[in-house]
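So this block is upload.cif, mmCIF, C-alpha atoms:
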data_start
loop_
_atom_site.group_PDB
_atom_site.id
_atom_site.type_symbol
_atom_site.label_atom_id
_atom_site.label_comp_id
_atom_site.auth_asym_id
_atom_site.auth_seq_id
_atom_site.Cartn_x
_atom_site.Cartn_y
_atom_site.Cartn_z
ATOM 1 C CA MET A 1 0.000 0.000 0.000
ATOM 2 C CA ILE A 2 2.790 2.443 0.872
ATOM 3 C CA THR A 3 4.553 1.657 -2.416
ATOM 4 C CA TYR A 4 1.335 2.334 -4.334
ATOM 5 C CA MET A 5 0.884 5.689 -2.578
ATOM 6 C CA ALA A 6 4.516 6.570 -3.310
ATOM 7 C CA GLN A 7 3.926 5.791 -6.998
ATOM 8 C CA ILE A 8 0.868 8.057 -7.065
ATOM 9 C CA GLY A 9 2.913 10.830 -5.448
ATOM 10 C CA LYS A 10 5.685 10.275 -7.961
ATOM 11 C CA ILE A 11 3.261 10.518 -10.874
ATOM 12 C CA LYS A 12 1.820 13.732 -9.494
ATOM 13 C CA SER A 13 5.174 15.311 -8.882
ATOM 14 C CA ASN A 14 6.487 14.225 -12.306
ATOM 15 C CA SER A 15 3.573 15.849 -14.146
ATOM 16 C CA TYR A 16 4.043 18.975 -12.053
ATOM 17 C CA LEU A 17 7.763 19.033 -12.786
ATOM 18 C CA GLU A 18 7.135 18.553 -16.520
ATOM 19 C CA LEU A 19 4.799 21.537 -16.553
ATOM 20 C CA LYS A 20 7.118 23.546 -14.345
ATOM 21 C CA GLN A 21 10.064 22.887 -16.665
ATOM 22 C CA ASP A 22 8.196 24.359 -19.637
ATOM 23 C CA PRO A 23 10.081 27.612 -20.253
ATOM 24 C CA PHE A 24 6.872 29.455 -21.149
ATOM 25 C CA SER A 25 3.880 30.502 -19.119
ATOM 26 C CA PHE A 26 0.505 28.824 -19.664
ATOM 27 C CA TYR A 27 -0.772 32.199 -20.869
ATOM 28 C CA GLN A 28 -2.679 31.985 -24.166
ATOM 29 C CA PRO A 29 -3.737 35.141 -25.998
ATOM 30 C CA VAL A 30 -7.520 35.411 -26.085
ATOM 31 C CA TRP A 31 -7.478 36.235 -29.807
ATOM 32 C CA GLN A 32 -5.561 33.003 -30.422
ATOM 33 C CA PHE A 33 -8.100 30.915 -28.510
ATOM 34 C CA ALA A 34 -11.045 32.567 -30.306
ATOM 35 C CA LEU A 35 -9.458 32.181 -33.743
ATOM 36 C CA LEU A 36 -8.617 28.503 -33.213
ATOM 37 C CA SER A 37 -12.047 27.798 -31.720
ATOM 38 C CA ILE A 38 -13.956 29.343 -34.620
ATOM 39 C CA LEU A 39 -11.709 28.061 -37.425
ATOM 40 C CA THR A 40 -11.923 24.483 -36.097
ATOM 41 C CA PHE A 41 -15.705 24.686 -35.644
ATOM 42 C CA GLY A 42 -15.306 24.298 -31.871
ATOM 43 C CA VAL A 43 -13.101 21.193 -31.973
ATOM 44 C CA TYR A 44 -10.211 23.194 -30.494
ATOM 45 C CA ASP A 45 -12.368 23.781 -27.393
ATOM 46 C CA ILE A 46 -12.040 20.093 -26.521
ATOM 47 C CA TYR A 47 -8.255 20.352 -26.651
ATOM 48 C CA TRP A 48 -8.433 23.625 -24.660
ATOM 49 C CA TYR A 49 -10.368 21.893 -21.867
ATOM 50 C CA TYR A 50 -7.890 18.989 -21.875
ATOM 51 C CA LYS A 51 -4.845 21.276 -21.633
ATOM 52 C CA ASN A 52 -6.389 23.317 -18.828
ATOM 53 C CA TRP A 53 -7.340 20.165 -16.900
ATOM 54 C CA THR A 54 -3.758 18.928 -17.262
ATOM 55 C CA ARG A 55 -2.363 22.211 -15.982
ATOM 56 C CA ILE A 56 -4.801 22.563 -13.073
ATOM 57 C CA LYS A 57 -4.261 18.921 -12.063
ATOM 58 C CA ALA A 58 -0.489 19.371 -11.988
ATOM 59 C CA TYR A 59 -0.628 22.747 -10.270
ATOM 60 C CA LYS A 60 -3.060 21.669 -7.526
ATOM 61 C CA PHE A 61 -1.846 18.023 -7.280
ATOM 62 C CA LEU A 62 -5.407 16.827 -7.905
ATOM 63 C CA ASN A 63 -6.362 13.211 -8.468
ATOM 64 C CA PHE A 64 -8.407 12.998 -11.667
ATOM 65 C CA SER A 65 -7.787 11.981 -15.243
ATOM 66 C CA PRO A 66 -7.782 14.821 -17.799
ATOM 67 C CA GLN A 67 -8.184 12.155 -20.491
ATOM 68 C CA LEU A 68 -11.359 10.741 -18.909
ATOM 69 C CA ARG A 69 -12.771 14.210 -18.422
ATOM 70 C CA THR A 70 -12.103 14.895 -22.100
ATOM 71 C CA VAL A 71 -14.003 11.733 -23.032
ATOM 72 C CA GLY A 72 -16.799 13.012 -20.770
ATOM 73 C CA LEU A 73 -17.240 15.998 -23.082
ATOM 74 C CA PHE A 74 -18.673 13.582 -25.676
ATOM 75 C CA ILE A 75 -21.357 12.187 -23.354
ATOM 76 C CA PRO A 76 -24.661 14.069 -23.787
ATOM 77 C CA ILE A 77 -26.082 15.759 -20.674
ATOM 78 C CA TYR A 78 -23.094 14.668 -18.577
ATOM 79 C CA ASN A 79 -20.922 17.037 -20.593
ATOM 80 C CA PHE A 80 -22.911 20.038 -19.352
ATOM 81 C CA PHE A 81 -22.454 18.984 -15.720
ATOM 82 C CA LEU A 82 -18.744 18.437 -16.388
ATOM 83 C CA ILE A 83 -18.368 21.878 -17.975
ATOM 84 C CA TYR A 84 -20.202 23.460 -15.029
ATOM 85 C CA LYS A 85 -17.965 21.640 -12.529
ATOM 86 C CA THR A 86 -14.843 22.650 -14.443
ATOM 87 C CA HIS A 87 -15.699 26.347 -14.498
ATOM 88 C CA LYS A 88 -16.643 26.182 -10.825
ATOM 89 C CA GLU A 89 -13.186 24.720 -10.125
ATOM 90 C CA TYR A 90 -11.609 27.541 -12.137
ATOM 91 C CA ARG A 91 -13.640 30.087 -10.182
ATOM 92 C CA ASP A 92 -12.591 28.562 -6.851
ATOM 93 C CA LEU A 93 -8.947 28.583 -7.914
ATOM 94 C CA ILE A 94 -8.955 32.231 -8.998
ATOM 95 C CA LYS A 95 -10.672 33.253 -5.768
ATOM 96 C CA GLU A 96 -8.116 31.233 -3.794
ATOM 97 C CA ARG A 97 -5.303 33.076 -5.592
ATOM 98 C CA GLY A 98 -6.869 36.509 -4.974
ATOM 99 C CA ILE A 99 -7.804 37.341 -8.570
ATOM 100 C CA GLU A 100 -10.449 40.074 -8.552
ATOM 101 C CA ARG A 101 -12.333 38.740 -11.572
ATOM 102 C CA ASP A 102 -15.009 36.069 -11.670
ATOM 103 C CA ILE A 103 -16.165 33.129 -13.759
ATOM 104 C CA TYR A 104 -19.883 32.293 -13.904
ATOM 105 C CA PRO A 105 -20.338 28.553 -14.553
ATOM 106 C CA GLY A 106 -24.148 28.615 -14.905
ATOM 107 C CA PRO A 107 -24.324 31.236 -17.668
ATOM 108 C CA ILE A 108 -21.377 29.586 -19.455
ATOM 109 C CA VAL A 109 -23.229 26.254 -19.600
ATOM 110 C CA LEU A 110 -26.423 28.027 -20.678
ATOM 111 C CA VAL A 111 -24.642 29.736 -23.590
ATOM 112 C CA ILE A 112 -23.108 26.401 -24.617
ATOM 113 C CA ILE A 113 -26.548 24.720 -24.552
ATOM 114 C CA ILE A 114 -27.994 27.574 -26.615
ATOM 115 C CA SER A 115 -25.130 27.217 -29.106
ATOM 116 C CA PHE A 116 -25.977 23.518 -29.539
ATOM 117 C CA VAL A 117 -29.574 24.501 -30.313
ATOM 118 C CA LEU A 118 -28.458 27.236 -32.744
ATOM 119 C CA LEU A 119 -26.314 24.683 -34.565
ATOM 120 C CA ARG A 120 -29.524 23.042 -35.804
ATOM 121 C CA LEU A 121 -30.712 26.168 -37.605
ATOM 122 C CA SER A 122 -30.615 26.424 -41.388
ATOM 123 C CA ASP A 123 -28.007 28.347 -43.387
ATOM 124 C CA PRO A 124 -26.685 30.904 -42.508
ATOM 125 C CA TYR A 125 -28.332 31.157 -39.068
ATOM 126 C CA TRP A 126 -26.425 28.185 -37.650
ATOM 127 C CA LEU A 127 -23.359 30.463 -37.599
ATOM 128 C CA LEU A 128 -24.837 31.976 -34.440
ATOM 129 C CA CYS A 129 -23.701 28.820 -32.634
ATOM 130 C CA PHE A 130 -20.266 30.391 -32.310
ATOM 131 C CA ILE A 131 -21.549 32.538 -29.438
ATOM 132 C CA SER A 132 -20.138 29.775 -27.220
ATOM 133 C CA THR A 133 -16.660 31.079 -28.053
ATOM 134 C CA LEU A 134 -17.364 34.348 -26.216
ATOM 135 C CA PRO A 135 -17.699 33.044 -22.632
ATOM 136 C CA LEU A 136 -14.795 30.624 -23.103
ATOM 137 C CA ALA A 137 -12.635 33.485 -24.377
ATOM 138 C CA MET A 138 -13.549 35.444 -21.246
ATOM 139 C CA VAL A 139 -12.558 32.414 -19.128
ATOM 140 C CA GLN A 140 -9.233 32.277 -20.980
ATOM 141 C CA SER A 141 -8.696 35.935 -20.103
ATOM 142 C CA VAL A 142 -9.266 35.197 -16.402
ATOM 143 C CA LEU A 143 -7.027 32.106 -16.573
ATOM 144 C CA ASN A 144 -4.344 34.315 -18.126
ATOM 145 C CA ASP A 145 -4.523 36.543 -15.042
ATOM 146 C CA LEU A 146 -4.144 33.418 -12.901
ATOM 147 C CA TRP A 147 -1.112 32.136 -14.816
ATOM 148 C CA ASP A 148 0.491 35.596 -14.745
ATOM 149 C CA LYS A 149 0.133 35.604 -10.962
ATOM 150 C CA ILE A 150 1.332 32.029 -10.450
ATOM 151 C CA GLN A 151 4.089 31.895 -13.066
ATOM 152 C CA VAL A 152 5.836 35.160 -12.331
ATOM 153 C CA GLY A 153 8.833 35.748 -14.570
ATOM 154 C CA LYS A 154 7.974 33.122 -17.184
ATOM 155 C CA PRO A 155 7.697 34.586 -20.682
ATOM 156 C CA ARG A 156 4.370 34.453 -22.481
ATOM 157 C CA ARG A 157 4.099 32.436 -25.642
ATOM 158 C CA THR A 158 2.171 34.922 -27.763
ATOM 159 C CA GLY A 159 2.991 33.683 -31.251
ATOM 160 C CA LEU A 160 1.535 30.748 -33.098
ATOM 161 C CA ARG A 161 3.240 27.370 -33.126
ATOM 162 C CA GLY A 162 3.434 24.953 -36.040
ATOM 163 C CA ARG A 163 0.403 22.853 -35.059
ATOM 164 C CA GLN A 164 -1.671 25.971 -34.529
ATOM 165 C CA ILE A 165 -0.685 27.327 -37.941
ATOM 166 C CA LEU A 166 -1.659 23.983 -39.468
ATOM 167 C CA LEU A 167 -5.054 24.170 -37.732
ATOM 168 C CA ILE A 168 -5.551 27.707 -39.039
ATOM 169 C CA VAL A 169 -4.724 26.667 -42.613
ATOM 170 C CA LEU A 170 -6.958 23.559 -42.496
ATOM 171 C CA GLY A 171 -9.715 25.462 -40.702
ATOM 172 C CA SER A 172 -9.590 28.294 -43.231
ATOM 173 C CA LEU A 173 -9.876 25.823 -46.104
ATOM 174 C CA SER A 174 -12.828 24.156 -44.382
ATOM 175 C CA TRP A 175 -14.510 27.534 -43.905
ATOM 176 C CA ILE A 176 -14.021 28.358 -47.595
ATOM 177 C CA PHE A 177 -15.833 25.154 -48.546
ATOM 178 C CA VAL A 178 -18.589 25.762 -46.007
ATOM 179 C CA LEU A 179 -19.160 29.315 -47.216
ATOM 180 C CA ILE A 180 -19.123 28.231 -50.857
ATOM 181 C CA GLY A 181 -21.683 25.557 -50.029
ATOM 182 C CA MET A 182 -23.873 28.069 -48.175
ATOM 183 C CA PHE A 183 -23.914 30.884 -50.697
ATOM 184 C CA ILE A 184 -23.497 29.280 -54.124
ATOM 185 C CA PRO A 185 -26.670 27.576 -55.327
ATOM 186 C CA ASP A 186 -26.558 23.947 -56.444
#
Mind turning this structure into structure tokens?
Amino acid sequence: MITYMAQIGKIKSNSYLELKQDPFSFYQPVWQFALLSILTFGVYDIYWYYKNWTRIKAYKFLNFSPQLRTVGLFIPIYNFFLIYKTHKEYRDLIKERGIERDIYPGPIVLVIIISFVLLRLSDPYWLLCFISTLPLAMVQSVLNDLWDKIQVGKPRRTGLRGRQILLIVLGSLSWIFVLIGMFIPD
């Protein structure tokens, strides 16, 4: 039993050390999040949740699986409870660290539910579904304040990396095809 507990502690400390050794802050420009979210039709949001769960888990030494939580995003109804819980955890963490801003989990989940409903509208009204990007971008802004406070002295990574550029190129091409399909008659 003691060996098992030591292994759990080792895993926790290793993931924390990996994140701590990253030379850059966890800061992500809000414009970058919004651009990637919209250009990937919201798929980037899943990755965004995963990365934030990984960072929060390592920072707080929590015992949950970011991978399982990510899978939970694909389970109807449960995903809304998971998103609410996640934003409540973010809110608790920013309060704990003395950040004077707030995150409102209930309205965030409501906007996400509304965006799922808007997705079912006909062309071009389904584009309104991207309103879900707005509250998540505001959360990213608050998380940036948190990371700035926690990771003092670490430089911000404000530019785009190779994978992000690839997502922007592929997403832009996808948007071109979507817009052509919407506005050019058969």
The PyMOL selection byres ((chain A and resi 46) around 10) resolved against shown file, as a short mmCIF file (atom, residue, chain, number, x, y, z; two decimals) with C-alpha atoms, in the frame of the given file:
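The file below, selection-v2.cif, is the result:
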data_model
loop_
_atom_site.label_atom_id
_atom_site.label_comp_id
_atom_site.auth_asym_id
_atom_site.auth_seq_id
_atom_site.Cartn_x
_atom_site.Cartn_y
_atom_site.Cartn_z
CA SER A 37 -12.05 27.80 -31.72
CA GLY A 42 -15.31 24.30 -31.87
CA VAL A 43 -13.10 21.19 -31.97
CA TYR A 44 -10.21 23.19 -30.49
CA ASP A 45 -12.37 23.78 -27.39
CA TYR A 47 -8.26 20.35 -26.65
CA TRP A 48 -8.43 23.62 -24.66
CA TYR A 49 -10.37 21.89 -21.87
CA TYR A 50 -7.89 18.99 -21.88
CA LYS A 51 -4.84 21.28 -21.63
CA THR A 70 -12.10 14.90 -22.10
CA VAL A 71 -14.00 11.73 -23.03
CA LEU A 73 -17.24 16.00 -23.08
CA PHE A 74 -18.67 13.58 -25.68
#
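Reported to one decimal place, the separation of CA of Arg156 (chain A) from CA of Tyr27 (chain A) is 5.8 Å.
Proximity ranking of A:Ile77, A:Ala137, A:Ile103, A:Val30 relative to Phe116 (chain A) places A:Ile77 first, based on only C-alpha atoms.
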Can you check which parts of region 13-91 of chain A lie within 12 Å of region 145-151 of chain A? Per residue, the shortest pair of atoms and distance in Å to one decimal, counting only C-alpha atoms, sorted by chain and number, as a tab-separated table.
residue	atom	partner	partner_atom	distance
A:Leu19	CA	A:Gln151	CA	11.0
A:Lys20	CA	A:Gln151	CA	9.0
A:Gln21	CA	A:Gln151	CA	11.4
A:Asp22	CA	A:Gln151	CA	10.8
A:Pro23	CA	A:Gln151	CA	10.3
A:Phe24	CA	A:Gln151	CA	8.9
A:Ser25	CA	A:Gln151	CA	6.2
A:Phe26	CA	A:Trp147	CA	6.1
A:Tyr27	CA	A:Trp147	CA	6.1
A:Gln28	CA	A:Trp147	CA	9.5
A:Pro29	CA	A:Asp145	CA	11.1
A:Val30	CA	A:Asp145	CA	11.5
A:Asn52	CA	A:Trp147	CA	11.0
A:Arg55	CA	A:Trp147	CA	10.1
A:Ile56	CA	A:Trp147	CA	10.4
A:Tyr59	CA	A:Ile150	CA	9.5
A:Lys60	CA	A:Ile150	CA	11.6
A:Tyr90	CA	A:Leu146	CA	9.5
A:Arg91	CA	A:Leu146	CA	10.4
- Atom-to-atom span, CA of Tyr84 (chain A) and CA of Val109 (chain A), Å: 6.2 Å
Report the centre and edge lengths, in Å to one decimal, of an axis-aligned box enclosing every atom of region 49-65 of chain A listed in the file, padded by 8 Å on each side, as JSON.
{"center_x": -5.4, "center_y": 17.6, "center_z": -14.6, "size_x": 25.9, "size_y": 27.3, "size_z": 30.6}
- Message: Using all atoms listed in the file, can you tell me which of A:Gly153, A:Leu136, A:Gly162, A:Thr40 comes closest to Tyr104 (chain A)?
- Response: A:Leu136
- Task: In the coordinate frame of the file, compute which residues have an atom within 6 Å of (-20.1, 30.6, -23.9) when using all atoms listed in the file, and state them as a PyMOL selection string.
- Result: chain A and resi 108+111-112+132-136
- What's the 9 Å shell around region 170-173 of chain A, counting all atoms listed in the file, without same-chain residues fewer than 5 positions away, as a list in words? Leu36, Ile38, Leu39, Thr40, Phe41, Ile165 and Val178 of chain A
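Interatomic distance, CA of Gln32 (chain A) to CA of Thr86 (chain A): 21.2 Å.
Residues of protein, DNA and RNA with at least one atom no farther than 10 Å from (-26.3, 20.3, -18.2) are, using only C-alpha atoms, Pro76, Ile77, Tyr78, Asn79, Phe80, Phe81, Leu82, Ile83, Tyr84, Gly106, Val109, Leu110, Ile112 and Ile113 of chain A.
Picked by the PyMOL selection byres ((chain A and resi 123) around 10) from the coordinates shown: Leu119, Arg120, Leu121, Ser122, Pro124, Tyr125, Trp126, Leu127, Leu179, Gly181, Met182 and Phe183 of chain A.
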Put region 140-162 of chain A into a file with N, CA, C and O atoms, as a short mmCIF file (atom, residue, chain, number, x, y, z; two decimals), in the first residue's frame.
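Result file follows (part18.cif):
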data_model
loop_
_atom_site.label_atom_id
_atom_site.label_comp_id
_atom_site.auth_asym_id
_atom_site.auth_seq_id
_atom_site.Cartn_x
_atom_site.Cartn_y
_atom_site.Cartn_z
N GLN A 140 -10.67 32.30 -20.66
CA GLN A 140 -9.23 32.28 -20.98
C GLN A 140 -8.56 33.55 -20.48
O GLN A 140 -7.45 33.51 -19.96
N SER A 141 -9.25 34.67 -20.59
CA SER A 141 -8.70 35.94 -20.10
C SER A 141 -8.46 35.89 -18.59
O SER A 141 -7.42 36.32 -18.10
N VAL A 142 -9.41 35.32 -17.86
CA VAL A 142 -9.27 35.20 -16.40
C VAL A 142 -8.15 34.20 -16.07
O VAL A 142 -7.34 34.45 -15.17
N LEU A 143 -8.10 33.08 -16.80
CA LEU A 143 -7.03 32.11 -16.57
C LEU A 143 -5.66 32.73 -16.87
O LEU A 143 -4.68 32.42 -16.19
N ASN A 144 -5.60 33.62 -17.84
CA ASN A 144 -4.34 34.32 -18.13
C ASN A 144 -3.90 35.14 -16.92
O ASN A 144 -2.71 35.18 -16.59
N ASP A 145 -4.85 35.80 -16.26
CA ASP A 145 -4.52 36.54 -15.04
C ASP A 145 -3.98 35.60 -13.97
O ASP A 145 -3.02 35.92 -13.26
N LEU A 146 -4.60 34.42 -13.87
CA LEU A 146 -4.14 33.42 -12.90
C LEU A 146 -2.71 32.98 -13.20
O LEU A 146 -1.87 32.98 -12.32
N TRP A 147 -2.45 32.61 -14.46
CA TRP A 147 -1.11 32.14 -14.82
C TRP A 147 -0.07 33.24 -14.64
O TRP A 147 1.05 32.97 -14.24
N ASP A 148 -0.45 34.49 -14.96
CA ASP A 148 0.49 35.60 -14.74
C ASP A 148 0.86 35.73 -13.27
O ASP A 148 1.99 36.04 -12.93
N LYS A 149 -0.11 35.48 -12.40
CA LYS A 149 0.13 35.60 -10.96
C LYS A 149 0.94 34.42 -10.42
O LYS A 149 1.79 34.59 -9.56
N ILE A 150 0.67 33.24 -10.94
CA ILE A 150 1.33 32.03 -10.45
C ILE A 150 2.72 31.87 -11.06
O ILE A 150 3.67 31.48 -10.38
N GLN A 151 2.85 32.16 -12.33
CA GLN A 151 4.09 31.89 -13.07
C GLN A 151 4.88 33.19 -13.31
O GLN A 151 5.25 33.49 -14.44
N VAL A 152 5.12 33.88 -12.25
CA VAL A 152 5.84 35.16 -12.33
C VAL A 152 7.21 34.95 -12.97
O VAL A 152 7.94 34.03 -12.62
N GLY A 153 7.52 35.80 -13.93
CA GLY A 153 8.83 35.75 -14.57
C GLY A 153 8.92 34.85 -15.79
O GLY A 153 9.89 34.93 -16.55
N LYS A 154 7.94 33.98 -15.99
CA LYS A 154 7.97 33.12 -17.18
C LYS A 154 7.47 33.93 -18.38
O LYS A 154 6.45 34.62 -18.28
N PRO A 155 8.15 33.83 -19.51
CA PRO A 155 7.70 34.59 -20.68
C PRO A 155 6.40 34.01 -21.25
O PRO A 155 6.16 32.80 -21.15
N ARG A 156 5.61 34.89 -21.83
CA ARG A 156 4.37 34.45 -22.48
C ARG A 156 4.69 33.95 -23.88
O ARG A 156 5.51 34.53 -24.58
N ARG A 157 4.00 32.92 -24.26
CA ARG A 157 4.10 32.44 -25.64
C ARG A 157 2.95 33.10 -26.39
O ARG A 157 1.81 32.67 -26.29
N THR A 158 3.24 34.15 -27.12
CA THR A 158 2.17 34.92 -27.76
C THR A 158 2.04 34.62 -29.25
O THR A 158 1.04 34.95 -29.86
N GLY A 159 3.06 34.01 -29.83
CA GLY A 159 2.99 33.68 -31.25
C GLY A 159 2.32 32.34 -31.47
O GLY A 159 2.00 31.61 -30.54
N LEU A 160 2.13 32.02 -32.72
CA LEU A 160 1.53 30.75 -33.10
C LEU A 160 2.63 29.70 -33.29
O LEU A 160 3.71 30.01 -33.79
N ARG A 161 2.32 28.48 -32.91
CA ARG A 161 3.24 27.37 -33.13
C ARG A 161 2.82 26.61 -34.38
O ARG A 161 1.75 26.83 -34.93
N GLY A 162 3.67 25.69 -34.80
CA GLY A 162 3.43 24.95 -36.04
C GLY A 162 2.08 24.27 -36.12
O GLY A 162 1.37 24.38 -37.12
#
